[in-house]
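Peer 1: Provided below: input_28.txt, containing compact mmCIF, C-alpha atoms.
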```txt
# COMPACT_ATOMS: atom_id res chain seq x y z
CA MET A 15 0.00 0.00 0.00
CA LYS A 16 1.03 3.60 -0.51
CA ILE A 17 1.13 5.29 2.89
CA VAL A 18 1.71 9.01 3.45
CA ILE A 19 2.80 10.18 6.91
CA VAL A 20 2.87 13.85 7.86
CA GLY A 21 5.06 14.51 10.89
CA CYS A 22 8.25 12.58 11.51
CA GLY A 23 8.29 12.76 15.31
CA ARG A 24 8.57 9.75 17.57
CA VAL A 25 5.23 8.32 16.48
CA GLY A 26 5.52 9.26 12.82
CA SER A 27 9.04 7.90 12.42
CA SER A 28 8.16 4.65 14.23
CA VAL A 29 5.15 4.08 12.03
CA ALA A 30 7.17 4.97 8.92
CA GLU A 31 9.91 2.55 9.86
CA ALA A 32 7.49 -0.28 10.63
CA TYR A 33 5.45 0.11 7.43
CA ASP A 34 8.58 0.44 5.32
CA ARG A 35 9.96 -2.73 6.85
CA SER A 36 6.76 -4.62 6.11
CA GLY A 37 7.04 -3.69 2.46
CA HIS A 38 4.68 -0.74 2.01
CA GLN A 39 5.48 2.29 -0.10
CA VAL A 40 6.06 4.99 2.53
CA LEU A 41 6.26 8.77 2.06
CA VAL A 42 7.13 10.90 5.12
CA ILE A 43 6.73 14.68 5.18
CA ASP A 44 8.06 16.97 7.89
CA SER A 45 8.83 20.67 7.98
CA ALA A 46 12.25 20.07 9.57
CA THR A 47 14.96 18.04 7.87
CA ALA A 48 16.42 17.18 11.28
CA ALA A 49 13.29 15.15 12.03
CA PHE A 50 14.37 12.60 9.45
CA ASP A 51 17.36 11.72 11.65
CA ARG A 52 14.87 9.58 13.57
CA LEU A 53 14.53 7.28 10.58
CA PRO A 54 16.94 4.32 10.45
CA SER A 55 19.58 4.21 7.74
CA SER A 56 17.79 1.16 6.38
CA PHE A 57 14.66 3.26 5.64
CA GLY A 58 13.74 2.67 2.02
CA GLY A 59 10.83 5.09 1.70
CA THR A 60 10.77 8.73 0.64
CA ALA A 61 11.34 11.62 3.08
CA ILE A 62 10.36 15.11 1.95
CA ARG A 63 10.77 18.40 3.77
CA GLY A 64 7.70 20.60 3.56
CA ASP A 65 4.53 21.90 5.19
CA GLY A 66 1.99 19.09 5.25
CA THR A 67 -0.90 21.56 5.50
CA ASP A 68 -0.01 23.05 2.12
CA GLU A 69 -1.88 21.44 -0.75
CA ASP A 70 0.91 22.26 -3.20
CA VAL A 71 3.49 20.58 -1.00
CA LEU A 72 1.37 17.45 -0.66
CA LYS A 73 0.85 17.23 -4.40
CA ARG A 74 4.47 17.92 -5.23
CA ALA A 75 5.55 15.28 -2.73
CA GLY A 76 3.39 12.79 -4.60
CA ALA A 77 0.74 12.22 -1.94
CA GLU A 78 -2.02 11.88 -4.51
CA GLY A 79 -3.26 8.36 -5.02
CA ALA A 80 -2.20 7.21 -1.55
CA ASP A 81 -4.20 4.45 0.10
CA VAL A 82 -3.60 5.71 3.62
CA PHE A 83 -2.82 9.18 4.98
CA LEU A 84 -1.65 9.67 8.57
CA ALA A 85 -1.38 13.16 10.09
CA LEU A 86 0.87 12.75 13.12
CA THR A 87 2.50 16.12 13.80
CA GLU A 88 2.60 17.69 17.26
CA GLY A 89 -0.12 20.18 16.35
CA ASP A 90 -3.75 19.07 16.54
CA ASN A 91 -4.87 21.71 14.09
CA ARG A 92 -2.11 21.03 11.61
CA ASN A 93 -3.19 17.40 11.67
CA VAL A 94 -6.81 18.35 11.19
CA MET A 95 -6.03 20.55 8.23
CA ALA A 96 -3.62 18.11 6.59
CA ALA A 97 -6.14 15.30 7.00
CA GLN A 98 -8.98 17.33 5.53
CA LEU A 99 -6.82 18.34 2.58
CA ALA A 100 -6.01 14.68 2.02
CA ALA A 101 -9.64 13.61 2.22
CA GLU A 102 -11.31 16.48 0.40
CA GLU A 103 -8.76 17.73 -2.10
CA LEU A 104 -6.67 14.64 -2.79
CA GLY A 105 -9.55 12.16 -2.43
CA ILE A 106 -7.63 9.79 -0.18
CA GLU A 107 -10.09 7.39 1.45
CA ARG A 108 -8.37 6.26 4.61
CA VAL A 109 -7.26 9.27 6.58
CA ILE A 110 -6.30 9.37 10.24
CA ALA A 111 -5.49 12.50 12.24
CA LYS A 112 -3.85 12.54 15.63
CA ILE A 113 -5.92 14.97 17.75
CA ASN A 114 -4.99 15.09 21.41
CA ASP A 115 -7.88 17.33 22.47
CA PRO A 116 -10.70 14.83 23.23
CA LEU A 117 -13.42 17.26 22.22
CA ARG A 118 -11.85 17.98 18.84
CA ALA A 119 -11.07 14.29 18.35
CA LYS A 120 -14.73 13.43 18.74
CA ALA A 121 -15.96 16.37 16.67
CA TYR A 122 -13.75 15.50 13.70
CA ALA A 123 -14.71 11.83 13.80
CA GLU A 124 -18.25 13.12 13.33
CA LEU A 125 -16.99 15.18 10.42
CA GLY A 126 -15.60 12.18 8.60
CA ILE A 127 -12.00 11.77 9.72
CA ALA A 128 -10.69 8.85 11.75
CA THR A 129 -9.08 10.37 14.83
CA LEU A 130 -6.47 9.19 17.24
CA CYS A 131 -6.51 10.82 20.67
CA ARG A 132 -3.39 10.21 22.72
CA THR A 133 -5.06 11.69 25.81
CA GLY A 134 -7.80 9.08 25.80
CA LEU A 135 -5.48 6.23 24.86
CA MET A 136 -3.09 7.01 27.69
CA VAL A 137 -5.75 7.59 30.32
CA ASP A 138 -7.34 4.29 29.40
CA ALA A 139 -3.99 2.50 29.47
CA VAL A 140 -3.39 3.80 32.98
CA ASP A 141 -6.94 2.90 34.05
CA HIS A 142 -6.51 -0.56 32.61
CA TYR A 143 -3.20 -1.09 34.42
CA LEU A 144 -4.70 0.05 37.72
CA GLY A 145 -7.85 -1.98 37.20
CA PHE A 146 -10.08 1.12 37.11
CA PRO A 147 -13.04 1.48 34.76
CA THR A 148 -12.24 3.10 31.42
CA SER A 149 -12.45 6.88 31.23
CA GLY A 150 -14.84 7.14 28.33
CA LEU A 151 -12.48 9.53 26.57
CA PRO A 152 -12.08 8.94 22.84
CA GLY A 153 -9.09 6.82 21.81
CA MET A 154 -9.11 5.66 18.21
CA LEU A 155 -12.36 6.78 16.60
CA ALA A 156 -13.69 5.71 13.22
CA PRO A 157 -15.41 8.41 11.16
CA THR A 158 -19.15 8.47 11.70
CA GLY A 159 -20.24 11.24 9.36
CA HIS A 160 -18.91 13.79 6.95
CA HIS A 161 -18.43 17.50 7.09
CA GLY A 162 -21.77 18.24 5.45
CA ALA A 163 -23.63 16.40 8.20
CA HIS A 164 -23.49 19.06 10.87
CA HIS A 165 -27.22 19.67 10.99
CA GLU A 166 -27.73 16.20 12.35
CA THR A 167 -25.98 17.35 15.50
CA GLY A 168 -28.45 20.16 16.07
CA ALA A 169 -28.95 19.25 19.72
CA ARG A 170 -25.23 19.43 20.38
CA PRO A 171 -24.98 22.90 21.97
CA ALA A 172 -27.16 21.86 24.88
CA THR A 173 -24.66 19.21 25.87
CA ASN A 174 -21.86 20.42 28.09
CA ALA A 175 -18.27 19.29 27.69
CA ALA A 176 -18.54 16.57 30.30
CA GLY A 177 -21.68 15.21 28.69
CA VAL A 178 -20.06 15.05 25.31
CA LEU A 179 -17.05 13.26 26.64
CA SER A 180 -18.99 10.66 28.59
CA GLY A 181 -21.08 10.11 25.50
CA VAL A 182 -18.12 8.50 23.75
CA GLY A 183 -17.98 5.72 26.26
CA ALA A 184 -19.04 3.23 23.64
CA ALA A 185 -15.94 3.94 21.60
CA PRO A 186 -13.41 1.27 22.67
CA SER A 187 -14.79 -1.15 20.09
CA THR A 188 -13.41 1.20 17.45
CA ALA A 189 -9.83 0.18 18.20
CA ASN A 190 -9.90 -1.36 14.77
CA PRO A 191 -11.34 1.49 12.73
CA VAL A 192 -13.38 0.93 9.62
CA PRO A 193 -12.66 4.05 7.60
CA ASN A 194 -14.61 2.73 4.66
CA ALA A 195 -17.72 2.77 6.78
CA GLY A 196 -17.93 6.55 6.47
CA PRO A 197 -19.70 8.07 3.50
CA THR A 198 -17.28 9.04 0.81
CA SER A 199 -19.62 11.11 -1.29
CA SER A 200 -18.20 14.34 0.05
CA GLN A 201 -14.77 13.30 -1.06
CA GLU A 202 -15.75 13.22 -4.68
CA ALA A 203 -16.20 16.96 -4.79
CA MET B 24 -25.07 40.76 18.90
CA PHE B 25 -22.62 38.48 20.68
CA VAL B 26 -19.37 38.17 18.78
CA LEU B 27 -16.64 35.77 19.80
CA VAL B 28 -13.26 36.85 18.45
CA VAL B 29 -10.45 34.29 18.56
CA GLY B 30 -6.90 35.56 18.28
CA GLY B 31 -5.64 38.68 20.03
CA GLY B 32 -3.12 39.90 17.49
CA LYS B 33 -3.47 43.28 15.85
CA VAL B 34 -6.54 42.26 13.86
CA GLY B 35 -8.31 40.64 16.82
CA TYR B 36 -7.48 43.54 19.10
CA TYR B 37 -8.81 46.28 16.84
CA LEU B 38 -11.78 44.19 15.82
CA ALA B 39 -12.80 43.60 19.45
CA LYS B 40 -12.20 47.26 20.27
CA GLU B 41 -14.39 48.51 17.42
CA LEU B 42 -17.13 46.02 18.23
CA VAL B 43 -17.18 47.06 21.88
CA GLU B 44 -17.34 50.72 20.86
CA SER B 45 -20.32 50.05 18.63
CA GLY B 46 -22.16 48.43 21.53
CA HIS B 47 -21.85 44.73 20.77
CA GLU B 48 -21.21 42.05 23.32
CA VAL B 49 -17.71 40.76 22.68
CA ALA B 50 -15.48 38.02 24.04
CA LEU B 51 -11.87 37.82 22.85
CA MET B 52 -9.81 34.64 23.23
CA GLU B 53 -6.03 34.92 23.32
CA LYS B 54 -3.86 32.05 24.52
CA ASP B 55 -0.79 34.14 25.33
CA HIS B 56 -1.42 35.25 28.91
CA THR B 57 0.82 38.32 28.74
CA ARG B 58 -0.85 39.51 25.57
CA ALA B 59 -4.29 38.71 26.99
CA ALA B 60 -3.58 40.73 30.15
CA HIS B 61 -2.30 43.61 28.07
CA ILE B 62 -5.47 43.71 25.96
CA ALA B 63 -7.66 43.40 29.05
CA ASP B 64 -5.93 46.48 30.50
CA GLU B 65 -6.86 48.43 27.40
CA ILE B 66 -10.37 47.36 26.53
CA GLY B 67 -11.69 45.75 29.70
CA SER B 68 -12.46 42.33 31.01
CA ILE B 69 -13.73 40.75 27.82
CA VAL B 70 -10.56 38.73 27.35
CA ILE B 71 -10.40 34.99 27.94
CA PRO B 72 -6.75 33.95 28.33
CA HIS B 73 -7.14 30.52 26.74
CA ASP B 74 -6.59 28.72 23.47
CA GLY B 75 -9.68 29.13 21.31
CA CYS B 76 -8.81 25.99 19.39
CA GLU B 77 -9.49 23.86 22.42
CA GLY B 78 -13.10 22.73 22.48
CA LYS B 79 -13.42 23.00 26.24
CA TYR B 80 -12.40 26.65 26.32
CA LEU B 81 -14.54 27.55 23.32
CA GLY B 82 -17.48 26.16 25.26
CA GLU B 83 -16.56 28.10 28.38
CA ALA B 84 -16.30 31.28 26.35
CA GLY B 85 -19.97 30.90 25.44
CA CYS B 86 -19.43 29.76 21.89
CA ASN B 87 -22.81 28.03 21.81
CA ARG B 88 -24.67 31.32 22.14
CA ALA B 89 -22.41 33.35 19.84
CA ASP B 90 -24.07 34.98 16.84
CA VAL B 91 -20.75 35.32 15.07
CA VAL B 92 -17.37 33.70 15.56
CA ALA B 93 -14.42 35.46 13.95
CA ALA B 94 -11.20 33.43 13.79
CA VAL B 95 -8.42 35.91 13.14
CA THR B 96 -5.23 34.24 14.37
CA GLY B 97 -2.16 34.25 12.16
CA ASP B 98 -2.40 30.52 11.48
CA ASP B 99 -4.74 29.19 8.82
CA GLU B 100 -5.04 25.76 10.39
CA ASP B 101 -6.11 27.30 13.71
CA ASN B 102 -8.67 29.54 12.02
CA LEU B 103 -10.09 26.59 10.12
CA VAL B 104 -10.46 24.46 13.23
CA ILE B 105 -11.99 27.30 15.27
CA CYS B 106 -14.64 27.90 12.59
CA GLN B 107 -15.38 24.22 12.10
CA MET B 108 -15.74 23.61 15.82
CA ALA B 109 -17.96 26.69 16.11
CA LYS B 110 -20.09 25.67 13.15
CA HIS B 111 -20.41 21.95 13.62
CA HIS B 112 -20.05 21.50 17.34
CA PHE B 113 -21.59 24.68 18.72
CA ASP B 114 -24.00 25.48 15.87
CA VAL B 115 -22.84 29.06 15.47
CA PRO B 116 -24.85 30.65 12.63
CA ARG B 117 -22.03 32.70 11.15
CA THR B 118 -18.31 31.97 11.08
CA ILE B 119 -15.65 34.22 9.63
CA ALA B 120 -12.05 33.14 9.05
CA ARG B 121 -8.93 35.04 8.23
CA VAL B 122 -7.06 33.14 5.52
CA ASN B 123 -3.42 33.88 4.93
CA ASN B 124 -2.63 31.45 2.14
CA PRO B 125 -5.02 32.28 -0.72
CA LYS B 126 -4.76 28.68 -1.88
CA ASN B 127 -6.63 27.63 1.28
CA GLU B 128 -9.74 29.61 0.35
CA ALA B 129 -11.38 26.84 -1.63
CA LEU B 130 -10.77 24.27 1.10
CA PHE B 131 -12.14 26.54 3.83
CA ARG B 132 -15.24 27.25 1.79
CA HIS B 133 -15.69 23.61 0.96
CA LEU B 134 -15.41 22.71 4.64
CA GLY B 135 -18.20 25.07 5.62
CA VAL B 136 -16.60 28.32 6.78
CA ASP B 137 -19.20 31.00 5.99
CA GLU B 138 -17.01 33.96 5.17
CA LEU B 139 -13.35 34.30 4.31
CA ILE B 140 -11.18 37.34 4.60
CA SER B 141 -7.86 37.01 2.88
CA PRO B 142 -5.54 39.98 3.39
CA THR B 143 -3.10 38.42 0.95
CA ARG B 144 -5.78 38.16 -1.72
CA MET B 145 -6.98 41.71 -1.11
CA ILE B 146 -3.53 43.20 -1.42
CA LEU B 147 -2.87 41.03 -4.44
CA GLY B 148 -6.13 42.22 -5.98
CA SER B 149 -5.15 45.80 -5.33
CA ILE B 150 -1.80 45.36 -7.00
CA GLU B 151 -3.28 43.50 -9.91
CA GLN B 152 -5.71 46.33 -10.59
CA ASP B 153 -2.73 48.45 -11.56
CA ILE B 154 -0.69 46.03 -13.61
CA PRO B 155 -1.74 44.18 -16.72
CA VAL B 156 -2.74 40.65 -15.89
CA HIS B 157 -4.74 38.19 -17.83
CA GLU B 158 -6.68 36.76 -14.97
CA LEU B 159 -10.11 37.06 -13.48
CA LEU B 160 -10.12 39.30 -10.45
CA HIS B 161 -12.09 38.01 -7.48
CA LEU B 162 -13.89 40.90 -5.88
CA ALA B 163 -15.93 39.17 -3.20
CA ALA B 164 -17.55 35.95 -2.10
CA LEU B 165 -21.31 36.09 -1.77
CA GLY B 166 -24.13 34.10 -0.29
CA GLU B 167 -22.96 30.92 1.32
CA GLY B 168 -19.58 31.47 -0.24
CA GLU B 169 -20.46 29.52 -3.34
CA LEU B 170 -20.90 32.59 -5.49
CA GLU B 171 -18.09 34.86 -6.52
CA LEU B 172 -18.21 38.41 -7.75
CA ILE B 173 -15.65 38.57 -10.52
CA GLU B 174 -14.13 41.28 -12.67
CA ALA B 175 -12.65 40.52 -16.08
CA HIS B 176 -10.54 43.20 -17.72
CA LEU B 177 -10.86 42.76 -21.48
CA GLN B 178 -7.48 43.22 -23.09
CA ALA B 179 -6.19 42.75 -26.63
CA GLY B 180 -6.73 39.15 -27.60
CA SER B 181 -9.84 38.62 -25.50
CA PRO B 182 -12.34 36.60 -27.50
CA ALA B 183 -15.15 38.75 -26.06
CA ILE B 184 -14.04 41.97 -27.74
CA GLY B 185 -16.41 43.04 -30.49
CA ARG B 186 -19.07 40.64 -29.31
CA ALA B 187 -22.11 40.87 -27.07
CA PRO B 188 -23.01 38.61 -24.14
CA LYS B 189 -25.68 36.87 -26.25
CA ASP B 190 -22.93 35.73 -28.65
CA LEU B 191 -20.95 34.06 -25.88
CA SER B 192 -21.77 30.75 -24.28
CA ILE B 193 -21.97 31.83 -20.67
CA PRO B 194 -22.08 28.90 -18.26
CA GLU B 195 -25.33 28.22 -16.47
CA GLY B 196 -25.60 29.79 -13.04
CA CYS B 197 -23.42 32.66 -14.13
CA SER B 198 -24.39 36.15 -15.15
CA LEU B 199 -22.53 39.05 -16.75
CA PHE B 200 -24.39 42.00 -15.37
CA ALA B 201 -22.36 45.16 -15.63
CA VAL B 202 -19.59 46.78 -17.56
CA ILE B 203 -17.24 49.51 -16.44
CA ARG B 204 -16.13 51.66 -19.36
CA ASP B 205 -14.18 54.89 -18.90
CA GLY B 206 -14.89 54.73 -15.19
CA ILE B 207 -18.65 54.55 -15.66
CA ALA B 208 -20.62 51.46 -14.70
CA THR B 209 -23.60 50.50 -16.84
CA PRO B 210 -25.75 47.39 -16.95
CA LEU B 211 -24.51 44.87 -19.47
CA ARG B 212 -27.40 43.94 -21.80
CA PRO B 213 -27.43 40.82 -23.95
CA ASP B 214 -26.72 42.92 -27.05
CA THR B 215 -24.18 45.36 -25.55
CA MET B 216 -21.02 45.23 -27.65
CA MET B 217 -17.95 44.67 -25.46
CA LEU B 218 -14.83 46.69 -26.21
CA GLU B 219 -11.15 46.45 -25.41
CA GLY B 220 -10.45 47.97 -22.00
CA ASP B 221 -13.92 47.16 -20.63
CA LYS B 222 -14.16 45.72 -17.19
CA VAL B 223 -16.92 43.15 -17.16
CA ILE B 224 -18.46 42.33 -13.80
CA ALA B 225 -19.85 38.84 -13.45
CA ILE B 226 -21.40 36.80 -10.72
CA GLY B 227 -21.31 33.04 -10.73
CA LYS B 228 -20.38 29.81 -9.10
CA GLN B 229 -16.75 28.92 -8.61
CA GLU B 230 -17.07 26.02 -11.06
CA CYS B 231 -17.92 28.46 -13.85
CA GLN B 232 -14.64 30.28 -13.61
CA ALA B 233 -12.66 28.21 -16.05
CA MET B 234 -15.31 28.75 -18.73
CA LEU B 235 -15.60 32.44 -17.93
CA HIS B 236 -11.86 32.70 -18.21
CA ASP B 237 -11.93 31.12 -21.66
CA GLN B 238 -14.72 33.41 -22.86
CA LEU B 239 -13.53 36.70 -21.43
CA ILE B 240 -9.77 36.46 -21.03
CA GLY B 241 -8.78 33.88 -23.59
CA ASP B 242 -5.41 32.23 -23.79
CA PRO B 243 -2.72 34.43 -22.22
CA GLU B 244 0.03 32.64 -24.18
CA ALA B 245 -1.65 33.53 -27.44
CA ILE B 246 -2.13 37.11 -26.29
CA GLY B 247 1.54 37.37 -25.45
CA ALA B 248 2.44 36.00 -28.87
CA ASP B 249 0.17 38.51 -30.60
CA ALA B 250 1.70 41.39 -28.71
CA GLY B 251 5.19 40.25 -29.57
```
Could you quickly redo this structure as structure tokens?

Peer 2:
Amino acid sequence: MKIVIVGCGRVGSSVAEAYDRSGHQVLVIDSATAAFDRLPSSFGGTAIRGDGTDEDVLKRAGAEGADVFLALTEGDNRNVMAAQLAAEELGIERVIAKINDPLRAKAYAELGIATLCRTGLMVDAVDHYLGFPTSGLPGMLAPTGHHGAHHETGARPATNAAGVLSGVGAAPSTANPVPNAGPTSSQEA
Amino acid sequence: MFVLVVGGGKVGYYLAKELVESGHEVALMEKDHTRAAHIADEIGSIVIPHDGCEGKYLGEAGCNRADVVAAVTGDDEDNLVICQMAKHHFDVPRTIARVNNPKNEALFRHLGVDELISPTRMILGSIEQDIPVHELLHLAALGEGELELIEAHLQAGSPAIGRAPKDLSIPEGCSLFAVIRDGIATPLRPDTMMLEGDKVIAIGKQECQAMLHDQLIGDPEAIGADAG
């Protein structure tokens, strides 16, 4: 598979290395060349310096036609924007954005992007280790809607932050996301 | 009207100040505490010293009862997220984003931001009004952002010169409605002959622009060749 990874930090470089080793075609993009030092010398994929939230950069780097797009920079919003560019402008079907703010992670899953929330994952890991019940924070969420579907969430403003967060309690089953389950019609535009 | 301004840079600061002076209810979010305190000293306790990108703080700032959210930080990705969260999560009726990279305009629009302000585009437009270019000039976005108000400056080589709108195949959903000639604007009728130097004002969907470009501007390469 062709896999594009934006952000070559600890997570990005580890994922890049693993997928490269298992034979996938890997393309890593980071705005700092120094970030690529994290990749092993055996890395056989492509590493390109550039801003992953810039459509021109993504196209020039050859991100079009990718099967999977992972936005794993340190910035939640950069990940959101890169992921939406990938889904909406490049038409990539399986897109995952790392979003550490639980509220944003849940909101963007509802807007059609698979999200990965380190906050929820870590809290749940700690809870699990200590034998406490899970937090209910989002961890890995599959997309449940698309960005045109906001009117379906009309009742949303009445729900406070705590209510929204506890509402995701049913999420752990999404550890194995099904990105294809989300409607793709909006991606054809 | 309750306006939530996110980003306390120069734009956010003056925007909040003007809004307060004209009697609106305003909340300004600025994540830099020093900057936030400084602004609060000047225009009062309307400043929330938190990151407006974070859902929790947007909620605490009263985003769900805001009539307008204006995202005016210096970072496009932040402005996009603020508007999307406001629109989709808090059901804010009107979202306005500052866009620095003009190439992001289409994406922002597509993703549901109601209004875009692009300083780069505006300055670019201003410069382009004074130098010969063979492009359509975007004057404003209208309605839900799907319609564009466009100006086409007819220069030598334009296929529209010497013809009237009825002779052109104007794309559906697009209308040529006025012409500026010698500084005077007049309605453009189906049989009005268009002349070199005319500025034709059109309104239409973004998708129509390629066709409009062909009809009104023509092929810039060919124009260059003619001139040379």

Peer 1: Record the distance separating atom CA of Val26 of chain B and atom CA of Tyr122 of chain A, expressed in Å with one decimal.

Peer 2: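 One can read the atom CA of Val26 of chain B to atom CA of Tyr122 of chain A distance as 23.9 Å.
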
Peer 1: Every residue with an atom at most 8 Å from (4.5, 6.7, 0.4) (file coordinates; all atoms listed in the file) is what I'm after, so could you write them as a ChimeraX atom specification?

Peer 2: /A:16-19,38-42,59-60,76-77,80

Peer 1: Between B:Arg144, B:Ala208, B:Val202, B:Lys222, which is the closest to Ala175 of chain B once you count all atoms listed in the file?

Peer 2: B:Lys222

Peer 1: Applying 10 Å and only C-alpha atoms, which residues near Asp65 of chain A remain after dropping the ones on its own chain fewer than 4 positions away? List them as number ranges by chain.

Peer 2: A: 20-21, 43-46, 69-72, 92, 96

Peer 1: For a quick test of understanding: name the residues of chain B lying within 6 Å of chain A when counting all atoms listed in the file, and present them as a PyMOL selection string.

Peer 2: chain B and resi 78+87+100-101+111+113

Peer 1: Would you mind exporting segment 110-159 of chain A with C-alpha atoms, as a CSV table (one decimal), in the first residue's frame?

Peer 2:
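After the write, result.csv holds the following:
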```csv
chain,number,residue,atom,x,y,z
A,110,ILE,CA,-6.3,9.4,10.2
A,111,ALA,CA,-5.5,12.5,12.2
A,112,LYS,CA,-3.9,12.5,15.6
A,113,ILE,CA,-5.9,15.0,17.8
A,114,ASN,CA,-5.0,15.1,21.4
A,115,ASP,CA,-7.9,17.3,22.5
A,116,PRO,CA,-10.7,14.8,23.2
A,117,LEU,CA,-13.4,17.3,22.2
A,118,ARG,CA,-11.9,18.0,18.8
A,119,ALA,CA,-11.1,14.3,18.3
A,120,LYS,CA,-14.7,13.4,18.7
A,121,ALA,CA,-16.0,16.4,16.7
A,122,TYR,CA,-13.8,15.5,13.7
A,123,ALA,CA,-14.7,11.8,13.8
A,124,GLU,CA,-18.3,13.1,13.3
A,125,LEU,CA,-17.0,15.2,10.4
A,126,GLY,CA,-15.6,12.2,8.6
A,127,ILE,CA,-12.0,11.8,9.7
A,128,ALA,CA,-10.7,8.9,11.8
A,129,THR,CA,-9.1,10.4,14.8
A,130,LEU,CA,-6.5,9.2,17.2
A,131,CYS,CA,-6.5,10.8,20.7
A,132,ARG,CA,-3.4,10.2,22.7
A,133,THR,CA,-5.1,11.7,25.8
A,134,GLY,CA,-7.8,9.1,25.8
A,135,LEU,CA,-5.5,6.2,24.9
A,136,MET,CA,-3.1,7.0,27.7
A,137,VAL,CA,-5.7,7.6,30.3
A,138,ASP,CA,-7.3,4.3,29.4
A,139,ALA,CA,-4.0,2.5,29.5
A,140,VAL,CA,-3.4,3.8,33.0
A,141,ASP,CA,-6.9,2.9,34.0
A,142,HIS,CA,-6.5,-0.6,32.6
A,143,TYR,CA,-3.2,-1.1,34.4
A,144,LEU,CA,-4.7,0.0,37.7
A,145,GLY,CA,-7.9,-2.0,37.2
A,146,PHE,CA,-10.1,1.1,37.1
A,147,PRO,CA,-13.0,1.5,34.8
A,148,THR,CA,-12.2,3.1,31.4
A,149,SER,CA,-12.5,6.9,31.2
A,150,GLY,CA,-14.8,7.1,28.3
A,151,LEU,CA,-12.5,9.5,26.6
A,152,PRO,CA,-12.1,8.9,22.8
A,153,GLY,CA,-9.1,6.8,21.8
A,154,MET,CA,-9.1,5.7,18.2
A,155,LEU,CA,-12.4,6.8,16.6
A,156,ALA,CA,-13.7,5.7,13.2
A,157,PRO,CA,-15.4,8.4,11.2
A,158,THR,CA,-19.2,8.5,11.7
A,159,GLY,CA,-20.2,11.2,9.4
```
